[in-house]
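Novice: Input structure: start28.txt, which contains compact mmCIF, C-alpha atoms.
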# COMPACT_ATOMS: atom_id res chain seq x y z
CA GLY A 921 4.59 5.85 -19.30
CA GLU A 922 3.65 8.83 -17.13
CA ARG A 923 -0.01 7.84 -17.04
CA GLY A 924 0.89 4.25 -16.18
CA ALA A 925 3.28 5.41 -13.44
CA ALA A 926 0.68 7.67 -11.87
CA ALA A 927 -2.03 5.03 -12.15
CA SER A 928 0.11 2.27 -10.65
CA ALA A 929 1.30 4.47 -7.78
CA ALA A 930 -2.30 5.47 -7.07
CA ALA A 931 -3.33 1.81 -7.17
CA LEU A 932 -0.57 0.89 -4.71
CA CYS A 933 -1.71 3.60 -2.30
CA ALA A 934 -5.34 2.58 -2.72
CA GLY A 935 -4.37 -1.00 -1.99
CA GLY A 936 -2.43 0.16 1.05
CA ALA A 937 -5.42 2.13 2.28
CA LEU A 938 -7.58 -0.95 1.80
CA LEU A 939 -5.12 -3.03 3.85
CA ALA A 940 -5.06 -0.45 6.63
CA ALA A 941 -8.85 -0.18 6.68
CA GLY A 942 -9.23 -3.95 6.71
CA ALA A 943 -6.76 -4.26 9.58
CA LEU A 944 -8.65 -1.60 11.53
CA LEU A 945 -11.93 -3.42 10.98
CA TRP A 946 -10.30 -6.68 12.07
CA HIS A 947 -9.14 -4.96 15.28
CA VAL A 948 -12.16 -2.70 15.57
CA ALA A 949 -12.62 -3.46 19.28
CA THR A 950 -9.07 -2.36 20.08
CA ALA A 951 -9.36 0.73 17.87
CA ARG A 952 -12.61 1.74 19.56
CA ARG A 953 -11.10 1.20 23.00
CA THR A 954 -8.10 3.42 22.20
CA ALA A 955 -10.31 6.17 20.80
CA PHE A 956 -13.01 5.86 23.47
CA PRO A 957 -11.41 4.35 26.60
CA PRO A 958 -13.64 3.42 29.54
CA PRO A 959 -14.28 6.16 32.08
CA GLU A 960 -12.15 4.48 34.76
CA GLN A 961 -9.08 4.85 32.51
CA TRP A 962 -9.73 8.31 31.15
CA ALA A 963 -12.60 10.73 31.37
CA PRO A 964 -13.06 11.61 27.69
CA THR A 965 -14.01 15.13 26.72
CA TRP A 966 -15.30 16.32 23.38
CA PRO A 967 -12.20 18.45 22.67
CA GLY A 968 -9.95 15.49 23.47
CA LEU A 969 -11.94 13.06 21.37
CA THR A 970 -12.09 15.53 18.50
CA ALA A 971 -8.34 16.06 18.62
CA VAL A 972 -7.66 12.30 18.52
CA LEU A 973 -10.06 11.73 15.64
CA LEU A 974 -8.74 14.71 13.66
CA LEU A 975 -5.17 13.50 14.14
CA ALA A 976 -6.15 10.02 12.96
CA LEU A 977 -7.86 11.54 9.93
CA ALA A 978 -4.80 13.67 9.13
CA LEU A 979 -2.58 10.58 9.28
CA THR A 980 -4.79 8.54 6.97
CA PRO A 981 -2.60 9.27 3.89
CA ASN A 982 0.44 8.10 5.87
CA ALA A 983 -1.42 4.91 6.79
CA ALA A 984 -2.13 4.30 3.10
CA VAL A 985 1.57 4.60 2.22
CA TRP A 986 2.59 2.41 5.16
CA GLY A 987 0.01 -0.16 4.06
CA ALA A 988 1.41 -0.04 0.53
CA ALA A 989 4.93 -0.58 1.85
CA TYR A 990 3.65 -3.53 3.87
CA GLY A 991 1.96 -5.08 0.86
CA LEU A 992 5.04 -4.58 -1.31
CA GLY A 993 7.14 -6.55 1.17
CA PRO A 994 9.62 -4.16 2.82
CA GLY A 995 7.03 -3.09 5.38
CA PHE A 996 7.77 -0.42 7.94
CA THR A 997 9.25 0.11 11.37
CA LEU A 998 7.72 1.53 14.52
CA GLY A 999 11.06 2.29 16.11
CA GLY A 1000 13.39 0.32 18.32
CA GLY A 1001 14.56 -1.93 15.50
CA SER A 1002 11.07 -3.30 14.88
CA ALA A 1003 9.91 -4.59 11.52
CA VAL A 1004 6.32 -5.01 10.33
CA ARG A 1005 6.26 -7.11 7.16
CA PRO A 1006 4.08 -9.85 5.67
CA ALA A 1007 6.91 -12.30 6.36
CA ALA A 1008 7.01 -11.52 10.08
CA VAL A 1009 6.39 -8.86 12.69
CA THR A 1010 9.31 -8.54 15.08
CA GLY A 1011 10.62 -6.29 17.83
CA LEU A 1012 7.51 -4.20 18.43
CA PRO A 1013 8.04 -1.65 21.19
CA PRO A 1014 5.20 -0.72 23.56
CA LEU A 1015 2.77 1.23 21.40
CA PRO A 1016 0.73 4.19 22.63
CA ASP A 1017 -3.03 4.02 22.64
CA PHE A 1018 -3.95 5.45 19.26
CA PRO A 1019 -6.68 4.20 16.90
CA LEU A 1020 -4.50 3.78 13.78
CA LEU A 1021 -1.90 1.75 15.70
CA ALA A 1022 -4.57 -0.82 16.47
CA ALA A 1023 -4.18 -1.95 12.84
CA VAL A 1024 -0.60 -3.13 13.44
CA PRO A 1025 -0.45 -6.95 13.33
CA ALA A 1026 0.65 -8.89 16.38
CA GLU A 1027 4.22 -10.12 16.62
CA GLY A 1028 5.01 -13.42 14.99
CA PRO A 1029 5.77 -15.04 11.65
CA GLY A 1030 3.64 -14.41 8.61
CA THR A 1031 0.87 -16.75 7.58
CA PRO A 1032 -0.60 -17.66 4.19
CA VAL A 1033 -3.44 -15.26 5.00
CA THR A 1034 -1.11 -12.30 5.54
CA TRP A 1035 0.75 -13.09 2.32
CA ALA A 1036 -2.49 -13.45 0.35
CA VAL A 1037 -3.90 -10.20 1.71
CA ALA A 1038 -0.63 -8.34 1.10
CA LEU A 1039 -0.56 -9.47 -2.55
CA VAL A 1040 -3.55 -7.20 -3.20
CA VAL A 1041 -1.16 -4.23 -3.29
CA PRO A 1042 1.38 -5.33 -5.94
CA LEU A 1043 -1.35 -6.97 -8.03
CA ALA A 1044 -3.23 -3.67 -8.11
CA GLY A 1045 -0.15 -1.68 -9.11
CA GLY A 1046 1.09 -4.12 -11.73
CA GLY A 1047 -2.38 -4.74 -13.12
CA LEU A 1048 -3.17 -1.07 -13.63
CA ALA A 1049 0.21 -0.38 -15.24
CA ALA A 1050 -0.44 -3.31 -17.59
CA TRP A 1051 -3.89 -2.05 -18.46
CA CYS A 1052 -2.59 1.43 -19.29
CA ALA A 1053 0.19 -0.02 -21.50
CA ALA A 1054 -2.21 -2.38 -23.27
CA ARG A 1055 -4.64 0.46 -23.94
CA ALA A 1056 -1.81 2.55 -25.35
CA ALA A 1057 -0.65 -0.37 -27.52
CA VAL A 1058 -4.12 -1.14 -28.89
CA PRO A 1059 -6.32 1.95 -28.42
CA ALA A 1060 -9.46 0.28 -29.78
CA ALA A 1061 -10.26 -3.34 -29.03
CA GLY A 1062 -10.11 -5.26 -32.27
CA GLY A 1063 -8.33 -2.40 -34.02
CA PRO A 1064 -4.74 -2.13 -35.19
CA ALA A 1065 -1.83 -2.15 -32.76
CA VAL A 1066 0.02 1.13 -32.27
CA LEU A 1067 2.83 -0.47 -30.26
CA ASP A 1068 4.43 -3.85 -30.82
CA GLY A 1069 5.23 -6.25 -27.99
CA ARG A 1070 8.67 -4.82 -27.27
CA ALA A 1071 7.37 -1.25 -27.13
CA THR A 1072 4.54 -2.37 -24.86
CA ALA A 1073 7.02 -3.99 -22.47
CA CYS A 1074 9.12 -0.81 -22.55
CA ALA A 1075 6.04 1.24 -21.69
CA VAL A 1076 5.49 -0.94 -18.61
CA ALA A 1077 9.17 -0.61 -17.67
CA LEU A 1078 8.92 3.19 -17.86
CA ALA A 1079 5.75 3.11 -15.78
CA ALA A 1080 7.46 0.87 -13.23
CA CYS A 1081 10.39 3.29 -12.95
CA GLY A 1082 8.04 6.23 -12.46
CA CYS A 1083 6.01 4.27 -9.94
CA GLY A 1084 9.17 3.38 -8.02
CA VAL A 1085 10.25 7.01 -7.86
CA ALA A 1086 6.78 8.11 -6.76
CA MET A 1087 6.53 5.48 -4.04
CA ALA A 1088 10.03 6.26 -2.79
CA ALA A 1089 9.08 9.93 -2.48
CA LEU A 1090 5.80 9.11 -0.73
CA ALA A 1091 7.54 6.73 1.68
CA ALA A 1092 10.12 9.40 2.51
CA CYS A 1093 7.34 11.90 3.25
CA ALA A 1094 5.26 9.40 5.24
CA GLY A 1095 8.04 8.41 7.66
CA GLY A 1096 10.76 10.03 9.69
CA PRO A 1097 11.93 10.54 13.26
CA LEU A 1098 9.60 11.46 16.10
CA GLY A 1099 12.37 11.70 18.67
CA THR A 1100 15.64 10.05 19.56
CA GLY A 1101 16.56 6.47 20.39
CA ALA A 1102 13.69 4.11 19.68
CA LEU A 1103 11.73 6.89 17.96
CA ALA A 1104 14.57 7.94 15.67
CA ARG A 1105 13.16 5.96 12.74
CA LEU A 1106 9.51 5.39 11.99
CA GLY A 1107 7.73 4.36 8.83
CA PRO A 1108 8.82 2.64 5.63
CA ASP A 1109 12.32 2.74 4.18
CA TRP A 1110 12.03 4.87 1.04
CA ARG A 1111 14.78 3.03 -0.81
CA LEU A 1112 13.33 -0.43 -0.22
CA THR A 1113 9.78 0.73 -0.89
CA GLY A 1114 10.74 2.37 -4.19
CA ALA A 1115 12.75 -0.65 -5.31
CA ALA A 1116 9.93 -3.05 -4.39
CA ALA A 1117 7.37 -0.92 -6.25
CA LEU A 1118 9.57 -0.90 -9.34
CA GLY A 1119 10.24 -4.64 -9.21
CA TRP A 1120 6.65 -5.72 -8.57
CA THR A 1121 5.17 -3.37 -11.16
CA ALA A 1122 7.62 -4.43 -13.85
CA GLY A 1123 7.55 -8.13 -12.95
CA LEU A 1124 3.77 -8.38 -12.88
CA GLY A 1125 2.97 -5.68 -15.39
CA MET A 1126 5.03 -6.82 -18.37
CA PRO A 1127 3.50 -10.28 -18.89
CA ALA A 1128 0.06 -8.95 -18.01
CA ALA A 1129 0.38 -6.09 -20.52
CA LEU A 1130 1.45 -8.45 -23.29
CA ALA A 1131 -1.46 -10.76 -22.50
CA MET A 1132 -3.92 -7.84 -22.48
CA ARG A 1133 -2.47 -6.54 -25.74
CA ALA A 1134 -2.99 -9.93 -27.36
CA TRP A 1135 -6.53 -10.09 -25.99
CA ARG A 1136 -7.38 -6.64 -27.39
CA LEU A 1137 -6.06 -7.75 -30.80
CA ARG A 1138 -8.02 -11.01 -30.74
CA PRO A 1139 -11.23 -9.79 -32.45
CA ALA A 1140 -9.19 -8.34 -35.32
CA ARG A 1141 -7.50 -11.68 -35.88
CA GLY A 1142 -10.86 -13.40 -36.17
CA ARG A 1143 -12.00 -11.30 -39.10
Just give me the structure as structure tokens.
Specialist:
Amino acid sequence: GERGAAASAAALCAGGALLAAGALLWHVATARRTAFPPPEQWAPTWPGLTAVLLLALALTPNAAVWGAAYGLGPGFTLGGGSAVRPAAVTGLPPLPDFPLLAAVPAEGPGTPVTWAVALVVPLAGGGLAAWCAARAAVPAAGGPAVLDGRATACAVALAACGCGVAMAALAACAGGPLGTGALARLGPDWRLTGAAALGWTAGLGMPAALAMRAWRLRPARGR
């Protein structure tokens, strides 16, 4: 359970980091322009550029958690009542010129592409939790089962609960106020993010774990 929870939470964050990196690459021209504006807009200096790049690097873990929250469905807010989700991006306030913010999708309803890309996150979390449970149920492929189907499903449920708690804690640490008014709330909602992580991991992980368990038992049945 603990290993599955840690693995699934790590997979969700890795998937979120992949989403954020992909979005940055998709908007690489905008990201480059915000980091290195033309001379007529701002005369860049090495200390200034270094500070911007170091800040972006320091916020990379936050971007991974925000990307995970996006992929899980609840998404995040950038203040002012905005919502950035796969279903739609609404109410975006004027955003400052900062490289990581170039990854934020444009306002509008979601598309099949955004939904398909976002599904990478829950599939990664649920799949890894299932793999850990199946390995615990049948340690050696073709060998005897240590856990039956019900115990395997319970192992995934425990992993999903641990993953939900971990993601809720990470979301709480990755967001928070940066001021008052429109900046009073930024980042993912920790309650929704934790609940979505639990639901996706359990919903996808249980059937996948049972299928993997059966597959690992298959050689033994053929003897």
Novice: Can you tell me, as an MDAnalysis selection string, what residues are no more than 8 Å from range 1049-1055 of chain A when counting all atoms listed in the file, ignoring any on the same chain fewer than 2 positions away?
Specialist: chainID A and resid 921 923:925 927:928 1045:1047 1057:1060 1072:1073 1075:1076 1079:1080 1121 1125:1126 1128:1130 1132:1133 1136
Novice: Neighbouring residues of range 996-1011 of chain A were defined as those with any atom within 10 Å, considering all atoms listed in the file; residues of the same chain fewer than 2 positions away were excluded. Please report them as a VMD selection string.
Specialist: chain A and resid 985 to 994 1013 to 1015 1021 1024 to 1039 1091 1095 1097 to 1110 1112 to 1113
Novice: Please save C-alpha atoms of the selected residues as a PDB file, in the frame of the given file.
Specialist:
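Output (part.pdb):
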ATOM      1  CA  VAL A 985       1.570   4.600   2.220  1.00  0.00           C
ATOM      2  CA  TRP A 986       2.590   2.410   5.160  1.00  0.00           C
ATOM      3  CA  GLY A 987       0.010  -0.160   4.060  1.00  0.00           C
ATOM      4  CA  ALA A 988       1.410  -0.040   0.530  1.00  0.00           C
ATOM      5  CA  ALA A 989       4.930  -0.580   1.850  1.00  0.00           C
ATOM      6  CA  TYR A 990       3.650  -3.530   3.870  1.00  0.00           C
ATOM      7  CA  GLY A 991       1.960  -5.080   0.860  1.00  0.00           C
ATOM      8  CA  LEU A 992       5.040  -4.580  -1.310  1.00  0.00           C
ATOM      9  CA  GLY A 993       7.140  -6.550   1.170  1.00  0.00           C
ATOM     10  CA  PRO A 994       9.620  -4.160   2.820  1.00  0.00           C
ATOM     11  CA  PRO A1013       8.040  -1.650  21.190  1.00  0.00           C
ATOM     12  CA  PRO A1014       5.200  -0.720  23.560  1.00  0.00           C
ATOM     13  CA  LEU A1015       2.770   1.230  21.400  1.00  0.00           C
ATOM     14  CA  LEU A1021      -1.900   1.750  15.700  1.00  0.00           C
ATOM     15  CA  VAL A1024      -0.600  -3.130  13.440  1.00  0.00           C
ATOM     16  CA  PRO A1025      -0.450  -6.950  13.330  1.00  0.00           C
ATOM     17  CA  ALA A1026       0.650  -8.890  16.380  1.00  0.00           C
ATOM     18  CA  GLU A1027       4.220 -10.120  16.620  1.00  0.00           C
ATOM     19  CA  GLY A1028       5.010 -13.420  14.990  1.00  0.00           C
ATOM     20  CA  PRO A1029       5.770 -15.040  11.650  1.00  0.00           C
ATOM     21  CA  GLY A1030       3.640 -14.410   8.610  1.00  0.00           C
ATOM     22  CA  THR A1031       0.870 -16.750   7.580  1.00  0.00           C
ATOM     23  CA  PRO A1032      -0.600 -17.660   4.190  1.00  0.00           C
ATOM     24  CA  VAL A1033      -3.440 -15.260   5.000  1.00  0.00           C
ATOM     25  CA  THR A1034      -1.110 -12.300   5.540  1.00  0.00           C
ATOM     26  CA  TRP A1035       0.750 -13.090   2.320  1.00  0.00           C
ATOM     27  CA  ALA A1036      -2.490 -13.450   0.350  1.00  0.00           C
ATOM     28  CA  VAL A1037      -3.900 -10.200   1.710  1.00  0.00           C
ATOM     29  CA  ALA A1038      -0.630  -8.340   1.100  1.00  0.00           C
ATOM     30  CA  LEU A1039      -0.560  -9.470  -2.550  1.00  0.00           C
ATOM     31  CA  ALA A1091       7.540   6.730   1.680  1.00  0.00           C
ATOM     32  CA  GLY A1095       8.040   8.410   7.660  1.00  0.00           C
ATOM     33  CA  PRO A1097      11.930  10.540  13.260  1.00  0.00           C
ATOM     34  CA  LEU A1098       9.600  11.460  16.100  1.00  0.00           C
ATOM     35  CA  GLY A1099      12.370  11.700  18.670  1.00  0.00           C
ATOM     36  CA  THR A1100      15.640  10.050  19.560  1.00  0.00           C
ATOM     37  CA  GLY A1101      16.560   6.470  20.390  1.00  0.00           C
ATOM     38  CA  ALA A1102      13.690   4.110  19.680  1.00  0.00           C
ATOM     39  CA  LEU A1103      11.730   6.890  17.960  1.00  0.00           C
ATOM     40  CA  ALA A1104      14.570   7.940  15.670  1.00  0.00           C
ATOM     41  CA  ARG A1105      13.160   5.960  12.740  1.00  0.00           C
ATOM     42  CA  LEU A1106       9.510   5.390  11.990  1.00  0.00           C
ATOM     43  CA  GLY A1107       7.730   4.360   8.830  1.00  0.00           C
ATOM     44  CA  PRO A1108       8.820   2.640   5.630  1.00  0.00           C
ATOM     45  CA  ASP A1109      12.320   2.740   4.180  1.00  0.00           C
ATOM     46  CA  TRP A1110      12.030   4.870   1.040  1.00  0.00           C
ATOM     47  CA  LEU A1112      13.330  -0.430  -0.220  1.00  0.00           C
ATOM     48  CA  THR A1113       9.780   0.730  -0.890  1.00  0.00           C
TER      49      THR A1113
END
Novice: One decimal, in Å: what's the spacing between CA of Gly935 in chain A and CA of Trp1135 in chain A?
Specialist: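 Separating CA of Gly935 in chain A from CA of Trp1135 in chain A is a distance of 25.8 Å.
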Novice: So how far away is CA of Ala1122 in chain A from CA of Cys1074 in chain A, in Å?
Specialist: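 According to the coordinates, CA of Cys1074 in chain A and CA of Ala1122 in chain A are separated by 9.5 Å.
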Novice: Would you work out the distance separating CA of Val1041 in chain A from CA of Phe1018 in chain A, expressed in Å to one decimal?
Specialist: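 Going from CA of Val1041 in chain A over to CA of Phe1018 in chain A covers 24.7 Å.
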